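A short write-up of the structure that comes next.
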Amino acid sequence: MRLIVTTFVGVVFGFLIGLSFPKLSLTKFNISSGILTTIDIKYTEYTNSVPSGSTPLQHPIDNNRSSANATSKKIWVPSNPRGAERLPPGIVKAESDLYLRRLWGKPNEDLTSTPKYLVTFTVGYNQRKNIDAAVKKFSGNFTILLFHYDGQTTEWDEFEWSKQAIHVSVRRQTKWWYAKRFLHPDIVAPYDYIFIWDEDLGVEHFNAEEYIKLVRKHGLEISQPGLEPNKGLTWQMTKRRGDREVHKETEEKPGWCNHPHVPPCAAFVEIMAPVFSRDAWRCVWHMIQNDLVHGWGLDFALRKCVEPAHEKIGVVDAQWIVHQSVPSLGNQGESQNGKAPWQGVRERCKREWTIFQTRFSRAEKSYYKAINSTSH
């Protein structure tokens, strides 16, 4: 009997206590001051920690506002980036960067420096000594970004600079595959110049800061260092000349150039070690095809991105490199039909060149046909 009476009194008392609390509306979320979500608690702790004299932050959501008032005014800004039209312009950040930040402290104190240039290398661990020598030719004004095609990344921590570099690892991919996916113009926008280099380049006679000075001096939007004349040379245009700082045109074999201002006699650099200005890269990035990963044929089309191309594309002779022609990426292929891995890679390169030329030609013809049809 005593147990039954005690239980009954407890139930009645609990019922009365429950009636004393404000009613919780799940539709309007009118949460009383005594009931806070985890986010509300954290926000309250943060605002309470604001020093006296500081302006406290305003809570972004006013729970007391009615549903009608909350939806009566809508934001729509057509000039915002696509997909962000519903946001107030002041909160939109259309561009980003590759600067490394801390997980603690004040955000505005994260960056002790903001590099002005970006250099990327597509690498395998076997070429680490060569890359180590190359990276040391680039000053603290450069962000270092390594694309790893062999899956080995932590091994590079034997080099002190690697601990501050950015590493992206996807097996068996080319630098143009990486560039299309990780070097969007809005991501690399803070950088004045972007170097997109192979791993097999000798840099004994190269200094990146001096190179930048010459590029600016001669107004080059797309450029590359001159190549050692006696090794790894394909085109006369990229051959280093010892009597000048920069050259922008050359003479090729008879019949190779139908005009002195078109590739490969001018407006031409190779894809092994190109350097792009910010504006030029924004155009070139859009020209890179998603499925054509080797970039063959791209060098002949770079002139479409600057004007006049024969003046803004050139080779820097005073800062030169050596193409060592290490077939490391070719060995990442697979043997098929009795052919060596590198043979399959080479055949793909040639096939992509033809595909790219065909696509570009058709795109231009379609454009001019549409223009002519609308002008009549």
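To be explicit about the labels: the chains of the structure tokens are called A, B, and onward in the order shown, and within each one the residues are counted from 1, while ligands get numbers from 1 in the order they are shown.
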
Can you tell me, as a list in words, what residues are no more than 8 Å from region 207-209 of chain A when counting only C-alpha atoms, ignoring any on the same chain fewer than 2 positions away?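 The neighbour list is Lys137, Phe138, Ser139, Val203, His205, Tyr211, Ile212, Lys213 and Gln319 of chain A.
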
Selection export as a compact mmCIF listing (two decimals), in the first residue's frame, atoms kept: N, CA, C and O atoms:
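In the end it all went to out17.txt:
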# COMPACT_ATOMS: atom_id res chain seq x y z
N LYS A 137 65.29 25.99 -56.67
CA LYS A 137 65.46 27.12 -57.57
C LYS A 137 64.29 28.11 -57.48
O LYS A 137 64.32 29.16 -58.13
N PHE A 138 63.29 27.75 -56.67
CA PHE A 138 62.12 28.60 -56.51
C PHE A 138 62.10 29.16 -55.09
O PHE A 138 62.20 28.41 -54.12
N SER A 139 61.94 30.45 -54.98
CA SER A 139 62.04 31.14 -53.70
C SER A 139 60.77 30.97 -52.87
O SER A 139 59.82 30.30 -53.27
N VAL A 203 67.86 22.08 -63.99
CA VAL A 203 67.67 23.51 -63.70
C VAL A 203 68.96 24.19 -63.20
O VAL A 203 68.90 25.21 -62.54
N HIS A 205 71.01 26.02 -64.63
CA HIS A 205 71.18 27.38 -65.16
C HIS A 205 69.89 28.20 -65.08
O HIS A 205 69.68 29.13 -65.86
N TYR A 211 63.78 34.76 -63.84
CA TYR A 211 62.90 34.41 -64.96
C TYR A 211 61.66 35.31 -64.97
O TYR A 211 61.28 35.85 -66.01
N ILE A 212 61.06 35.49 -63.81
CA ILE A 212 59.86 36.33 -63.70
C ILE A 212 60.17 37.76 -64.13
O ILE A 212 59.37 38.41 -64.82
N LYS A 213 61.33 38.27 -63.74
CA LYS A 213 61.71 39.63 -64.12
C LYS A 213 61.75 39.78 -65.64
O LYS A 213 61.29 40.78 -66.20
N GLN A 319 67.45 32.38 -69.02
CA GLN A 319 67.21 31.39 -67.97
C GLN A 319 66.79 30.09 -68.66
O GLN A 319 65.69 29.97 -69.15

Distance query Arg128 (chain A) at most 10 Å, only C-alpha atoms, self and fewer than 6 positions along chain excluded, as a PyMOL selection string: chain A and resi 134+155-156+158-159+199

For the residues selected in the previous step, produce a file with N, CA, C and O atoms as a PDB file, in the first residue's frame.
ATOM      1  N   ALA A 134      65.167  21.045 -58.344  1.00  0.00           N
ATOM      2  CA  ALA A 134      64.326  22.028 -59.025  1.00  0.00           C
ATOM      3  C   ALA A 134      63.626  22.943 -58.033  1.00  0.00           C
ATOM      4  O   ALA A 134      63.604  24.171 -58.211  1.00  0.00           O
ATOM      5  N   GLU A 155      56.619   9.719 -48.326  1.00  0.00           N
ATOM      6  CA  GLU A 155      58.047   9.467 -48.487  1.00  0.00           C
ATOM      7  C   GLU A 155      58.824  10.747 -48.786  1.00  0.00           C
ATOM      8  O   GLU A 155      60.015  10.847 -48.503  1.00  0.00           O
ATOM      9  N   TRP A 156      58.127  11.739 -49.348  1.00  0.00           N
ATOM     10  CA  TRP A 156      58.792  12.984 -49.719  1.00  0.00           C
ATOM     11  C   TRP A 156      59.156  13.842 -48.500  1.00  0.00           C
ATOM     12  O   TRP A 156      59.851  14.848 -48.636  1.00  0.00           O
ATOM     13  N   GLU A 158      61.253  13.400 -46.466  1.00  0.00           N
ATOM     14  CA  GLU A 158      62.702  13.437 -46.239  1.00  0.00           C
ATOM     15  C   GLU A 158      63.266  14.814 -46.608  1.00  0.00           C
ATOM     16  O   GLU A 158      64.360  15.182 -46.170  1.00  0.00           O
ATOM     17  N   PHE A 159      62.512  15.559 -47.409  1.00  0.00           N
ATOM     18  CA  PHE A 159      62.900  16.922 -47.763  1.00  0.00           C
ATOM     19  C   PHE A 159      62.100  17.904 -46.906  1.00  0.00           C
ATOM     20  O   PHE A 159      60.874  17.820 -46.827  1.00  0.00           O
ATOM     21  N   GLU A 199      58.735  16.555 -64.605  1.00  0.00           N
ATOM     22  CA  GLU A 199      59.673  16.192 -63.536  1.00  0.00           C
ATOM     23  C   GLU A 199      61.113  16.005 -64.014  1.00  0.00           C
ATOM     24  O   GLU A 199      62.032  15.921 -63.198  1.00  0.00           O
TER      25      GLU A 199
END

Take CA of Arg172 (chain A) and CA of Glu270 (chain A) and report the distance between them in Å, one decimal.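 Between CA of Arg172 (chain A) and CA of Glu270 (chain A) the gap works out to 21.8 Å.
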
Within 7 Å of region 247-254 of chain A, counting only C-alpha atoms, which residues show up once you throw out same-chain ones fewer than 2 positions away? Write them as a PDB file with all heavy atoms, in the first residue's frame, please.
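Result file is result_3.pdb:
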ATOM      1  N   GLN A 236      62.703  24.093 -83.186  1.00  0.00           N
ATOM      2  CA  GLN A 236      63.703  25.160 -83.204  1.00  0.00           C
ATOM      3  C   GLN A 236      63.275  26.342 -82.332  1.00  0.00           C
ATOM      4  O   GLN A 236      64.113  27.043 -81.758  1.00  0.00           O
ATOM      5  CB  GLN A 236      63.929  25.638 -84.643  1.00  0.00           C
ATOM      6  CG  GLN A 236      64.670  24.644 -85.522  1.00  0.00           C
ATOM      7  CD  GLN A 236      66.073  24.378 -85.019  1.00  0.00           C
ATOM      8  OE1 GLN A 236      66.825  25.301 -84.713  1.00  0.00           O
ATOM      9  NE2 GLN A 236      66.417  23.110 -84.936  1.00  0.00           N
ATOM     10  N   MET A 237      61.982  26.552 -82.209  1.00  0.00           N
ATOM     11  CA  MET A 237      61.484  27.690 -81.441  1.00  0.00           C
ATOM     12  C   MET A 237      61.929  27.630 -79.986  1.00  0.00           C
ATOM     13  O   MET A 237      62.204  28.673 -79.365  1.00  0.00           O
ATOM     14  CB  MET A 237      59.947  27.733 -81.524  1.00  0.00           C
ATOM     15  CG  MET A 237      59.317  28.870 -80.737  1.00  0.00           C
ATOM     16  SD  MET A 237      59.799  30.495 -81.350  1.00  0.00           S
ATOM     17  CE  MET A 237      59.031  31.550 -80.130  1.00  0.00           C
ATOM     18  N   TRP A 256      56.929  24.108 -92.868  1.00  0.00           N
ATOM     19  CA  TRP A 256      56.346  23.884 -91.542  1.00  0.00           C
ATOM     20  C   TRP A 256      55.498  25.063 -91.082  1.00  0.00           C
ATOM     21  O   TRP A 256      54.612  24.888 -90.262  1.00  0.00           O
ATOM     22  CB  TRP A 256      57.450  23.601 -90.526  1.00  0.00           C
ATOM     23  CG  TRP A 256      57.915  22.182 -90.564  1.00  0.00           C
ATOM     24  CD1 TRP A 256      57.890  21.358 -91.656  1.00  0.00           C
ATOM     25  CD2 TRP A 256      58.455  21.419 -89.494  1.00  0.00           C
ATOM     26  NE1 TRP A 256      58.399  20.128 -91.332  1.00  0.00           N
ATOM     27  CE2 TRP A 256      58.758  20.133 -90.002  1.00  0.00           C
ATOM     28  CE3 TRP A 256      58.733  21.691 -88.164  1.00  0.00           C
ATOM     29  CZ2 TRP A 256      59.317  19.125 -89.217  1.00  0.00           C
ATOM     30  CZ3 TRP A 256      59.278  20.686 -87.390  1.00  0.00           C
ATOM     31  CH2 TRP A 256      59.560  19.420 -87.893  1.00  0.00           C
ATOM     32  N   CYS A 265      56.751  28.508 -85.780  1.00  0.00           N
ATOM     33  CA  CYS A 265      57.768  29.530 -86.006  1.00  0.00           C
ATOM     34  C   CYS A 265      57.632  30.715 -85.051  1.00  0.00           C
ATOM     35  O   CYS A 265      58.567  31.495 -84.891  1.00  0.00           O
ATOM     36  CB  CYS A 265      57.700  30.032 -87.454  1.00  0.00           C
ATOM     37  SG  CYS A 265      58.251  28.792 -88.660  1.00  0.00           S
ATOM     38  N   ALA A 266      56.485  30.878 -84.452  1.00  0.00           N
ATOM     39  CA  ALA A 266      56.236  31.962 -83.491  1.00  0.00           C
ATOM     40  C   ALA A 266      54.975  31.598 -82.706  1.00  0.00           C
ATOM     41  O   ALA A 266      54.270  30.636 -83.035  1.00  0.00           O
ATOM     42  CB  ALA A 266      56.060  33.299 -84.209  1.00  0.00           C
ATOM     43  N   ALA A 267      54.692  32.380 -81.648  1.00  0.00           N
ATOM     44  CA  ALA A 267      53.494  32.154 -80.827  1.00  0.00           C
ATOM     45  C   ALA A 267      53.429  30.704 -80.355  1.00  0.00           C
ATOM     46  O   ALA A 267      52.367  30.068 -80.367  1.00  0.00           O
ATOM     47  CB  ALA A 267      52.232  32.523 -81.603  1.00  0.00           C
ATOM     48  N   HIS A 310      52.117  36.499 -81.311  1.00  0.00           N
ATOM     49  CA  HIS A 310      53.537  36.449 -81.656  1.00  0.00           C
ATOM     50  C   HIS A 310      54.372  37.430 -80.833  1.00  0.00           C
ATOM     51  O   HIS A 310      55.604  37.347 -80.846  1.00  0.00           O
ATOM     52  CB  HIS A 310      53.730  36.723 -83.157  1.00  0.00           C
ATOM     53  CG  HIS A 310      53.374  38.121 -83.564  1.00  0.00           C
ATOM     54  ND1 HIS A 310      52.075  38.528 -83.788  1.00  0.00           N
ATOM     55  CD2 HIS A 310      54.152  39.219 -83.785  1.00  0.00           C
ATOM     56  CE1 HIS A 310      52.058  39.798 -84.139  1.00  0.00           C
ATOM     57  NE2 HIS A 310      53.306  40.246 -84.150  1.00  0.00           N
ATOM     58  N   GLU A 311      53.707  38.321 -80.086  1.00  0.00           N
ATOM     59  CA  GLU A 311      54.430  39.240 -79.215  1.00  0.00           C
ATOM     60  C   GLU A 311      54.337  38.831 -77.741  1.00  0.00           C
ATOM     61  O   GLU A 311      55.209  39.166 -76.940  1.00  0.00           O
ATOM     62  CB  GLU A 311      53.882  40.654 -79.375  1.00  0.00           C
ATOM     63  CG  GLU A 311      54.130  41.261 -80.751  1.00  0.00           C
ATOM     64  CD  GLU A 311      53.591  42.685 -80.841  1.00  0.00           C
ATOM     65  OE1 GLU A 311      53.111  43.210 -79.808  1.00  0.00           O
ATOM     66  OE2 GLU A 311      53.636  43.267 -81.944  1.00  0.00           O
ATOM     67  N   ILE A 313      53.871  35.550 -76.585  1.00  0.00           N
ATOM     68  CA  ILE A 313      54.361  34.197 -76.327  1.00  0.00           C
ATOM     69  C   ILE A 313      55.821  34.139 -76.736  1.00  0.00           C
ATOM     70  O   ILE A 313      56.172  34.577 -77.837  1.00  0.00           O
ATOM     71  CB  ILE A 313      53.554  33.144 -77.111  1.00  0.00           C
ATOM     72  CG1 ILE A 313      52.081  33.185 -76.711  1.00  0.00           C
ATOM     73  CG2 ILE A 313      54.109  31.740 -76.870  1.00  0.00           C
ATOM     74  CD1 ILE A 313      51.204  32.207 -77.480  1.00  0.00           C
ATOM     75  N   GLY A 314      56.677  33.629 -75.857  1.00  0.00           N
ATOM     76  CA  GLY A 314      58.095  33.605 -76.186  1.00  0.00           C
ATOM     77  C   GLY A 314      58.901  32.685 -75.299  1.00  0.00           C
ATOM     78  O   GLY A 314      58.404  32.096 -74.338  1.00  0.00           O
ATOM     79  N   VAL A 315      60.175  32.575 -75.635  1.00  0.00           N
ATOM     80  CA  VAL A 315      61.126  31.698 -74.943  1.00  0.00           C
ATOM     81  C   VAL A 315      62.171  32.561 -74.258  1.00  0.00           C
ATOM     82  O   VAL A 315      62.755  33.463 -74.881  1.00  0.00           O
ATOM     83  CB  VAL A 315      61.785  30.723 -75.935  1.00  0.00           C
ATOM     84  CG1 VAL A 315      62.857  29.885 -75.241  1.00  0.00           C
ATOM     85  CG2 VAL A 315      60.738  29.826 -76.577  1.00  0.00           C
ATOM     86  N   VAL A 316      62.412  32.294 -72.979  1.00  0.00           N
ATOM     87  CA  VAL A 316      63.392  33.054 -72.197  1.00  0.00           C
ATOM     88  C   VAL A 316      64.743  32.356 -72.301  1.00  0.00           C
ATOM     89  O   VAL A 316      64.965  31.290 -71.712  1.00  0.00           O
ATOM     90  CB  VAL A 316      62.944  33.162 -70.724  1.00  0.00           C
ATOM     91  CG1 VAL A 316      63.986  33.921 -69.908  1.00  0.00           C
ATOM     92  CG2 VAL A 316      61.586  33.852 -70.635  1.00  0.00           C
TER      93      VAL A 316
END

Quick one, how far is CA of Lys116 (chain A) from CA of Ile144 (chain A)?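 If I compute the distance from CA of Lys116 (chain A) to CA of Ile144 (chain A), I get 11.4 Å.
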
Quick one: residues within 6 Å of region 180-197 of chain A, only C-alpha atoms, excluding same-chain residues fewer than 2 positions away - as a PyMOL selection string? chain A and resi 95-97+116-121+177-178+272-278+282
